[in-house]
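Below is one structure; the comments refer to it alone.
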Amino acid sequence: MRHILALCLMFLLAACGGDSSSGHKSAPDTNPPGDGGDTGDGDNPGDPDPDPDPDPDPDPDPDPDPDPDPDPDPDPEPDCNYQPVAEVTPLNTLGNTNNTVDYDLSLYNERTDLNENLVGTWVMVQKQSRTLTPSVGNSEKKRLRWQKSVFVIRDNAGQLEVANCASGALTFTSLPDTSGHFILPLFDSGSNYEQQRFSLSSNSHLLGVPMSDYSTGTGQTVFTSQYVEAIKISANTAAFGQHSVAINYDTTEVDEANQDVYCLTQQRDLSATQLCAEAPQDSVLTLMIRTRSSTGRASLAYSQQGQAEQTAMSSEYTETHVILQNNQAQPMSINSSNSQLSGNAVLSEAKVLANDSQDATGSYSTTLTLP
């Protein structure tokens, strides 16, 4: 079970023509009997050839021994009875991170009056469901994802920059050309097929470009529903809060306190795997809060499958460190709404992801107020 949940938390990190008759037919007789035109071979003129070449069997059997019991139909596809992903009621919700109704842009006011340029604070919501059918074995893996990111676009000496909510060392990256489809650093995706693209609807509104189904050597992925959209909610370009993260094990000591935050991401993933004609495995629910500061990125995630729990914490500064604990953090208190998020979590019985025999401890706290 530990390995199943650890995989779910790793994101803290494609007719021939022709005659069908047999034998031959004689050429037609151009001299009918009795016209005297045939001198014959000494017989009476006009008598027919006494030994003409007889026609072949008028009804030959092209296949004298056909298969008496052909099997025209191949074996039918099995009825795998694949089921929808079952919901999970988590023992910890990470504030409102588990509430699907809060992944909704209608809870925010689009500032259409701030339409001069793209500068300001934005909210993006992604809701997506997909099915992966592996190329080996009869099975399906379904995943449902909800993601909300609050991020800043700013003007830095005439160059527009967007807060980097994704992995990488930079706090801000240059805003790409928005005249066509473009990518924003809001997602961690291990696949080139799942690079989310946007189009510019206005300087206060972005539309997501639907992803295409794809196949790779490992299987086929089909998107069964997709929604992505972003709106500007404020002219603010300053940090909207702070976070602190500390991770300690062996000789590693990470202590990043009171770092200004320019991007907040909340994510809810629900997934399940089912073998053909078998009962589905227990669904896995993973909840995550991730914040990008002026010097790095920190994450807190909670995952549950059945009654098994796991909490993970990561820091991405000069190096990436991830630790896991096979229960809830103690304490772990997150209070959040659509305009505020605050809380803290402490891992005192954790292991290092890269070496599960190595003991580790960690803590994460944040206080954010959206503009």
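Quick note on naming: the chains in the structure tokens go A, B, ... in the order shown, residues restart at 1 in each chain, and ligands are numbered from 1 in order of appearance.
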
Segment 277-291 of chain A environment, 6 Å, only C-alpha atoms, sequence neighbours closer than 5 positions dropped, as a ChimeraX atom specification: /A:80-81,263-272,297-305

Dump as a compact mmCIF listing (two decimals), in the first residue's frame, selection limited to all heavy atoms:
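Result file selection01.txt:
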# COMPACT_ATOMS: atom_id res chain seq x y z
N CYS A 80 -15.94 -6.32 -19.94
CA CYS A 80 -15.06 -6.04 -18.80
C CYS A 80 -15.79 -5.37 -17.64
O CYS A 80 -15.30 -5.35 -16.51
CB CYS A 80 -13.90 -5.16 -19.24
SG CYS A 80 -12.75 -6.01 -20.36
N ASN A 81 -16.96 -4.76 -17.94
CA ASN A 81 -17.76 -4.13 -16.89
C ASN A 81 -16.95 -3.10 -16.11
O ASN A 81 -16.93 -3.10 -14.87
CB ASN A 81 -18.34 -5.19 -15.94
CG ASN A 81 -19.44 -4.62 -15.05
OD1 ASN A 81 -20.14 -3.68 -15.42
ND2 ASN A 81 -19.57 -5.19 -13.86
N CYS A 263 2.43 32.38 -6.04
CA CYS A 263 1.53 31.42 -6.68
C CYS A 263 1.06 30.40 -5.65
O CYS A 263 1.86 29.87 -4.88
CB CYS A 263 2.20 30.70 -7.84
SG CYS A 263 1.13 29.47 -8.63
N LEU A 264 -0.23 30.13 -5.64
CA LEU A 264 -0.84 29.09 -4.82
C LEU A 264 -1.56 28.11 -5.73
O LEU A 264 -2.34 28.52 -6.60
CB LEU A 264 -1.85 29.69 -3.83
CG LEU A 264 -2.86 28.72 -3.22
CD1 LEU A 264 -2.18 27.74 -2.27
CD2 LEU A 264 -3.98 29.49 -2.50
N THR A 265 -1.31 26.81 -5.54
CA THR A 265 -2.04 25.77 -6.28
C THR A 265 -2.69 24.81 -5.30
O THR A 265 -2.04 24.35 -4.36
CB THR A 265 -1.09 24.99 -7.21
OG1 THR A 265 -0.64 25.85 -8.26
CG2 THR A 265 -1.80 23.79 -7.84
N GLN A 266 -3.96 24.54 -5.52
CA GLN A 266 -4.68 23.47 -4.81
C GLN A 266 -5.09 22.44 -5.85
O GLN A 266 -5.57 22.80 -6.94
CB GLN A 266 -5.91 24.02 -4.08
CG GLN A 266 -5.58 24.90 -2.90
CD GLN A 266 -6.84 25.50 -2.27
OE1 GLN A 266 -7.30 26.57 -2.69
NE2 GLN A 266 -7.39 24.83 -1.29
N GLN A 267 -4.94 21.17 -5.51
CA GLN A 267 -5.22 20.11 -6.48
C GLN A 267 -5.88 18.92 -5.81
O GLN A 267 -5.49 18.53 -4.71
CB GLN A 267 -3.93 19.68 -7.17
CG GLN A 267 -4.14 18.73 -8.34
CD GLN A 267 -2.86 18.56 -9.15
OE1 GLN A 267 -2.33 19.52 -9.69
NE2 GLN A 267 -2.36 17.34 -9.23
N ARG A 268 -6.87 18.35 -6.50
CA ARG A 268 -7.55 17.14 -6.04
C ARG A 268 -7.50 16.11 -7.17
O ARG A 268 -7.99 16.36 -8.27
CB ARG A 268 -9.02 17.45 -5.69
CG ARG A 268 -9.82 16.26 -5.20
CD ARG A 268 -11.28 16.67 -4.95
NE ARG A 268 -11.99 15.69 -4.15
CZ ARG A 268 -12.73 14.69 -4.63
NH1 ARG A 268 -12.83 14.54 -5.96
NH2 ARG A 268 -13.35 13.86 -3.83
N ASP A 269 -6.89 14.96 -6.89
CA ASP A 269 -6.80 13.86 -7.86
C ASP A 269 -7.53 12.65 -7.30
O ASP A 269 -7.29 12.24 -6.15
CB ASP A 269 -5.34 13.48 -8.11
CG ASP A 269 -4.75 14.21 -9.30
OD1 ASP A 269 -5.16 15.35 -9.52
OD2 ASP A 269 -3.88 13.64 -9.98
N LEU A 270 -8.40 12.05 -8.12
CA LEU A 270 -9.11 10.83 -7.74
C LEU A 270 -8.90 9.82 -8.87
O LEU A 270 -9.21 10.09 -10.03
CB LEU A 270 -10.60 11.12 -7.56
CG LEU A 270 -11.49 9.94 -7.10
CD1 LEU A 270 -11.12 9.52 -5.68
CD2 LEU A 270 -12.96 10.33 -7.18
N SER A 271 -8.36 8.64 -8.53
CA SER A 271 -8.03 7.67 -9.57
C SER A 271 -8.32 6.26 -9.10
O SER A 271 -8.39 5.99 -7.89
CB SER A 271 -6.55 7.79 -9.97
OG SER A 271 -5.72 7.49 -8.87
N ALA A 272 -8.49 5.36 -10.07
CA ALA A 272 -8.72 3.94 -9.76
C ALA A 272 -8.30 3.10 -10.95
O ALA A 272 -8.43 3.51 -12.10
CB ALA A 272 -10.18 3.68 -9.41
N ARG A 297 9.96 26.48 -3.97
CA ARG A 297 8.60 25.97 -3.98
C ARG A 297 8.45 24.93 -2.87
O ARG A 297 9.36 24.14 -2.60
CB ARG A 297 8.29 25.33 -5.34
CG ARG A 297 6.82 25.05 -5.60
CD ARG A 297 6.58 24.64 -7.04
NE ARG A 297 7.03 23.29 -7.33
CZ ARG A 297 6.52 22.51 -8.27
NH1 ARG A 297 5.53 22.96 -9.02
NH2 ARG A 297 6.98 21.31 -8.49
N ALA A 298 7.29 24.92 -2.23
CA ALA A 298 7.01 23.97 -1.15
C ALA A 298 5.65 23.35 -1.37
O ALA A 298 4.74 23.98 -1.93
CB ALA A 298 7.07 24.66 0.21
N SER A 299 5.50 22.08 -0.93
CA SER A 299 4.25 21.35 -1.14
C SER A 299 3.90 20.54 0.09
O SER A 299 4.77 20.02 0.79
CB SER A 299 4.38 20.40 -2.33
OG SER A 299 4.76 21.09 -3.51
N LEU A 300 2.60 20.42 0.30
CA LEU A 300 2.04 19.53 1.32
C LEU A 300 0.95 18.71 0.64
O LEU A 300 0.06 19.27 -0.01
CB LEU A 300 1.44 20.34 2.47
CG LEU A 300 0.68 19.53 3.54
CD1 LEU A 300 1.64 18.63 4.33
CD2 LEU A 300 -0.08 20.48 4.48
N ALA A 301 1.03 17.38 0.76
CA ALA A 301 0.05 16.51 0.10
C ALA A 301 -0.42 15.43 1.06
O ALA A 301 0.34 14.95 1.92
CB ALA A 301 0.65 15.87 -1.15
N TYR A 302 -1.67 15.05 0.90
CA TYR A 302 -2.29 13.99 1.71
C TYR A 302 -2.98 13.02 0.77
O TYR A 302 -3.72 13.44 -0.14
CB TYR A 302 -3.30 14.59 2.69
CG TYR A 302 -4.14 13.56 3.41
CD1 TYR A 302 -3.62 12.86 4.50
CD2 TYR A 302 -5.44 13.29 3.00
CE1 TYR A 302 -4.39 11.91 5.16
CE2 TYR A 302 -6.21 12.35 3.66
CZ TYR A 302 -5.69 11.66 4.73
OH TYR A 302 -6.45 10.72 5.38
N SER A 303 -2.71 11.72 0.96
CA SER A 303 -3.29 10.71 0.08
C SER A 303 -3.94 9.61 0.91
O SER A 303 -3.44 9.26 1.99
CB SER A 303 -2.20 10.11 -0.82
OG SER A 303 -2.76 9.30 -1.82
N GLN A 304 -5.05 9.06 0.39
CA GLN A 304 -5.78 8.01 1.10
C GLN A 304 -6.29 6.98 0.12
O GLN A 304 -6.85 7.31 -0.93
CB GLN A 304 -6.95 8.62 1.89
CG GLN A 304 -7.74 7.61 2.70
CD GLN A 304 -8.83 8.27 3.54
OE1 GLN A 304 -8.66 9.39 4.03
NE2 GLN A 304 -9.95 7.59 3.72
N GLN A 305 -6.11 5.69 0.46
CA GLN A 305 -6.67 4.57 -0.29
C GLN A 305 -7.23 3.59 0.73
O GLN A 305 -6.49 3.01 1.52
CB GLN A 305 -5.62 3.88 -1.16
CG GLN A 305 -6.20 2.75 -2.02
CD GLN A 305 -5.15 2.10 -2.91
OE1 GLN A 305 -3.99 2.04 -2.54
NE2 GLN A 305 -5.58 1.61 -4.06

Please produce, as a Markdown table, a per-residue contact table for segment 188-254 of chain A versus segment 349-367 of chain A (criterion: any atom at most 8 Å away, only C-alpha atoms considered), showing the nearest atom pair and its distance in Å to one decimal, sorted by chain then residue number.
| residue | atom | partner | partner_atom | distance |
| --- | --- | --- | --- | --- |
| A:Gly241 | CA | A:Thr367 | CA | 5.7 |
| A:Gln242 | CA | A:Thr366 | CA | 5.7 |
| A:His243 | CA | A:Thr366 | CA | 4.1 |
| A:Ser244 | CA | A:Ser365 | CA | 5.3 |
| A:Val245 | CA | A:Tyr364 | CA | 4.5 |
| A:Ala246 | CA | A:Ser363 | CA | 5.2 |
| A:Ile247 | CA | A:Gly362 | CA | 4.2 |
| A:Asn248 | CA | A:Thr361 | CA | 5.4 |
| A:Tyr249 | CA | A:Ala360 | CA | 4.6 |
| A:Asp250 | CA | A:Gln358 | CA | 7.6 |

Quick one: residues within 9 Å of Leu341 of chain A, only C-alpha atoms, excluding same-chain residues fewer than 4 positions away - as a PDB file with all heavy atoms, in the first residue's frame?
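That gives us part-v1.pdb:
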ATOM      1  N   GLY A  95      -8.226  21.658   4.376  1.00  0.00           N
ATOM      2  CA  GLY A  95      -9.102  22.817   4.235  1.00  0.00           C
ATOM      3  C   GLY A  95     -10.180  22.538   3.206  1.00  0.00           C
ATOM      4  O   GLY A  95     -10.867  21.525   3.283  1.00  0.00           O
ATOM      5  N   ILE A 334      -5.444  22.997   8.359  1.00  0.00           N
ATOM      6  CA  ILE A 334      -5.523  23.917   7.215  1.00  0.00           C
ATOM      7  C   ILE A 334      -6.902  24.565   7.222  1.00  0.00           C
ATOM      8  O   ILE A 334      -7.925  23.873   7.239  1.00  0.00           O
ATOM      9  CB  ILE A 334      -5.305  23.189   5.875  1.00  0.00           C
ATOM     10  CG1 ILE A 334      -3.962  22.457   5.872  1.00  0.00           C
ATOM     11  CG2 ILE A 334      -5.395  24.173   4.722  1.00  0.00           C
ATOM     12  CD1 ILE A 334      -2.750  23.352   5.929  1.00  0.00           C
ATOM     13  N   ASN A 335      -6.915  25.878   7.217  1.00  0.00           N
ATOM     14  CA  ASN A 335      -8.161  26.636   7.123  1.00  0.00           C
ATOM     15  C   ASN A 335      -8.125  27.420   5.821  1.00  0.00           C
ATOM     16  O   ASN A 335      -7.179  28.164   5.560  1.00  0.00           O
ATOM     17  CB  ASN A 335      -8.308  27.600   8.311  1.00  0.00           C
ATOM     18  CG  ASN A 335      -8.321  26.870   9.635  1.00  0.00           C
ATOM     19  OD1 ASN A 335      -9.161  26.019   9.867  1.00  0.00           O
ATOM     20  ND2 ASN A 335      -7.357  27.198  10.504  1.00  0.00           N
ATOM     21  N   SER A 336      -9.155  27.241   5.001  1.00  0.00           N
ATOM     22  CA  SER A 336      -9.115  27.908   3.700  1.00  0.00           C
ATOM     23  C   SER A 336     -10.512  28.231   3.217  1.00  0.00           C
ATOM     24  O   SER A 336     -11.498  27.590   3.588  1.00  0.00           O
ATOM     25  CB  SER A 336      -8.403  27.026   2.671  1.00  0.00           C
ATOM     26  OG  SER A 336      -9.030  25.770   2.570  1.00  0.00           O
ATOM     27  N   SER A 337     -10.557  29.261   2.391  1.00  0.00           N
ATOM     28  CA  SER A 337     -11.768  29.663   1.691  1.00  0.00           C
ATOM     29  C   SER A 337     -11.322  30.095   0.307  1.00  0.00           C
ATOM     30  O   SER A 337     -10.177  29.853  -0.096  1.00  0.00           O
ATOM     31  CB  SER A 337     -12.467  30.804   2.435  1.00  0.00           C
ATOM     32  OG  SER A 337     -11.659  31.975   2.406  1.00  0.00           O
ATOM     33  N   THR A 366       1.769  28.245   6.153  1.00  0.00           N
ATOM     34  CA  THR A 366       1.520  29.322   5.201  1.00  0.00           C
ATOM     35  C   THR A 366       0.359  30.172   5.665  1.00  0.00           C
ATOM     36  O   THR A 366      -0.546  29.692   6.368  1.00  0.00           O
ATOM     37  CB  THR A 366       1.236  28.759   3.791  1.00  0.00           C
ATOM     38  OG1 THR A 366       1.183  29.840   2.855  1.00  0.00           O
ATOM     39  CG2 THR A 366      -0.083  28.018   3.746  1.00  0.00           C
ATOM     40  N   THR A 367       0.393  31.423   5.308  1.00  0.00           N
ATOM     41  CA  THR A 367      -0.711  32.354   5.540  1.00  0.00           C
ATOM     42  C   THR A 367      -0.853  33.215   4.291  1.00  0.00           C
ATOM     43  O   THR A 367       0.067  33.971   3.921  1.00  0.00           O
ATOM     44  CB  THR A 367      -0.447  33.255   6.744  1.00  0.00           C
ATOM     45  OG1 THR A 367      -0.266  32.450   7.924  1.00  0.00           O
ATOM     46  CG2 THR A 367      -1.616  34.221   6.991  1.00  0.00           C
ATOM     47  N   LEU A 368      -1.998  33.078   3.603  1.00  0.00           N
ATOM     48  CA  LEU A 368      -2.225  33.761   2.342  1.00  0.00           C
ATOM     49  C   LEU A 368      -3.561  34.478   2.369  1.00  0.00           C
ATOM     50  O   LEU A 368      -4.552  33.938   2.874  1.00  0.00           O
ATOM     51  CB  LEU A 368      -2.210  32.760   1.181  1.00  0.00           C
ATOM     52  CG  LEU A 368      -0.986  31.845   1.061  1.00  0.00           C
ATOM     53  CD1 LEU A 368      -1.214  30.809  -0.030  1.00  0.00           C
ATOM     54  CD2 LEU A 368       0.271  32.655   0.782  1.00  0.00           C
ATOM     55  N   THR A 369      -3.607  35.668   1.785  1.00  0.00           N
ATOM     56  CA  THR A 369      -4.862  36.405   1.599  1.00  0.00           C
ATOM     57  C   THR A 369      -4.887  36.872   0.152  1.00  0.00           C
ATOM     58  O   THR A 369      -4.037  37.659  -0.282  1.00  0.00           O
ATOM     59  CB  THR A 369      -4.939  37.621   2.528  1.00  0.00           C
ATOM     60  OG1 THR A 369      -4.883  37.186   3.897  1.00  0.00           O
ATOM     61  CG2 THR A 369      -6.255  38.380   2.302  1.00  0.00           C
ATOM     62  N   LEU A 370      -5.868  36.365  -0.602  1.00  0.00           N
ATOM     63  CA  LEU A 370      -5.935  36.702  -2.014  1.00  0.00           C
ATOM     64  C   LEU A 370      -6.442  38.116  -2.201  1.00  0.00           C
ATOM     65  O   LEU A 370      -7.372  38.555  -1.493  1.00  0.00           O
ATOM     66  CB  LEU A 370      -6.842  35.713  -2.752  1.00  0.00           C
ATOM     67  CG  LEU A 370      -6.460  34.230  -2.613  1.00  0.00           C
ATOM     68  CD1 LEU A 370      -7.328  33.381  -3.508  1.00  0.00           C
ATOM     69  CD2 LEU A 370      -4.984  34.005  -2.887  1.00  0.00           C
TER      70      LEU A 370
END

Near-Met211 of chain A list (9 Å; only C-alpha atoms; drop same-chain fewer than 5 positions) as a ChimeraX atom specification: /A:193-197,223,226

Excluding same-chain residues fewer than 3 positions from segment 152-160 of chain A, what lies within 6 Å of it counting only C-alpha atoms, as a short mmCIF file (atom, residue, chain, number, x, y, z; two decimals) with N, CA and C atoms, in the first residue's frame?
data_model
loop_
_atom_site.label_atom_id
_atom_site.label_comp_id
_atom_site.auth_asym_id
_atom_site.auth_seq_id
_atom_site.Cartn_x
_atom_site.Cartn_y
_atom_site.Cartn_z
N VAL A 119 -1.34 42.40 -16.84
CA VAL A 119 -0.76 42.53 -15.51
C VAL A 119 -1.83 42.43 -14.44
N GLY A 120 -1.55 41.63 -13.39
CA GLY A 120 -2.47 41.50 -12.27
C GLY A 120 -2.40 40.12 -11.65
N THR A 121 -3.36 39.83 -10.77
CA THR A 121 -3.49 38.52 -10.13
C THR A 121 -4.60 37.75 -10.82
N ALA A 163 4.30 34.27 -12.71
CA ALA A 163 4.80 33.47 -11.60
C ALA A 163 4.88 32.00 -12.02
N LEU A 175 6.64 35.90 -19.96
CA LEU A 175 5.35 35.53 -20.54
C LEU A 175 5.55 35.23 -22.02
N THR A 237 0.15 42.93 -8.05
CA THR A 237 1.28 42.13 -8.52
C THR A 237 2.25 41.80 -7.38
#

Set the distance at 9 Å and use only C-alpha atoms: which residues neighbour Tyr108 of chain A once local chain neighbours fewer than 4 positions away are removed? I'd like the list as a CSV table (one decimal) with C-alpha atoms, in the first residue's frame.
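Just written: result-v2.csv:
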chain,number,residue,atom,x,y,z
A,104,ASP,CA,-15.3,27.2,-9.9
A,123,VAL,CA,-7.2,32.5,-11.0
A,231,ILE,CA,-9.7,35.2,-15.2
A,233,ILE,CA,-9.3,39.1,-10.3
A,338,ASN,CA,-11.8,31.2,-1.8

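For Leu170 of chain A, the set of protein, DNA and RNA residues having any atom at most 12 Å away, when counting only C-alpha atoms and skipping those fewer than 6 positions along the same chain, is Glu161, Val162, Ala163, Asn164, Pro185, Tyr262, Arg292, Ser293, Ser294, Thr295, Gly296, Arg297, Glu316, Tyr317 and Thr318 of chain A.
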
Top pick for closest residue to Gly343 of chain A, considering A:Val85, A:Leu94, A:Ile323, A:Ala312 and counting only C-alpha atoms: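 Once distances to Gly343 of chain A are computed over only C-alpha atoms, the minimum belongs to A:Leu94.
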
Computed interatomic separation between atom CA of Leu275 of chain A and atom CA of Lys141 of chain A (Å):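 Between atom CA of Leu275 of chain A and atom CA of Lys141 of chain A the gap is 8.9 Å.
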
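Between atom CA of Asp102 of chain A and atom CA of Met313 of chain A there is a distance of 23.4 Å.
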
Atom CA of His205 of chain A to atom CA of Asn115 of chain A, straight-line distance in Å: 9.1 Å

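Closest to Thr131 of chain A among A:Val322, A:Leu107, A:Val222, A:Ala329 is A:Val222, based on only C-alpha atoms.
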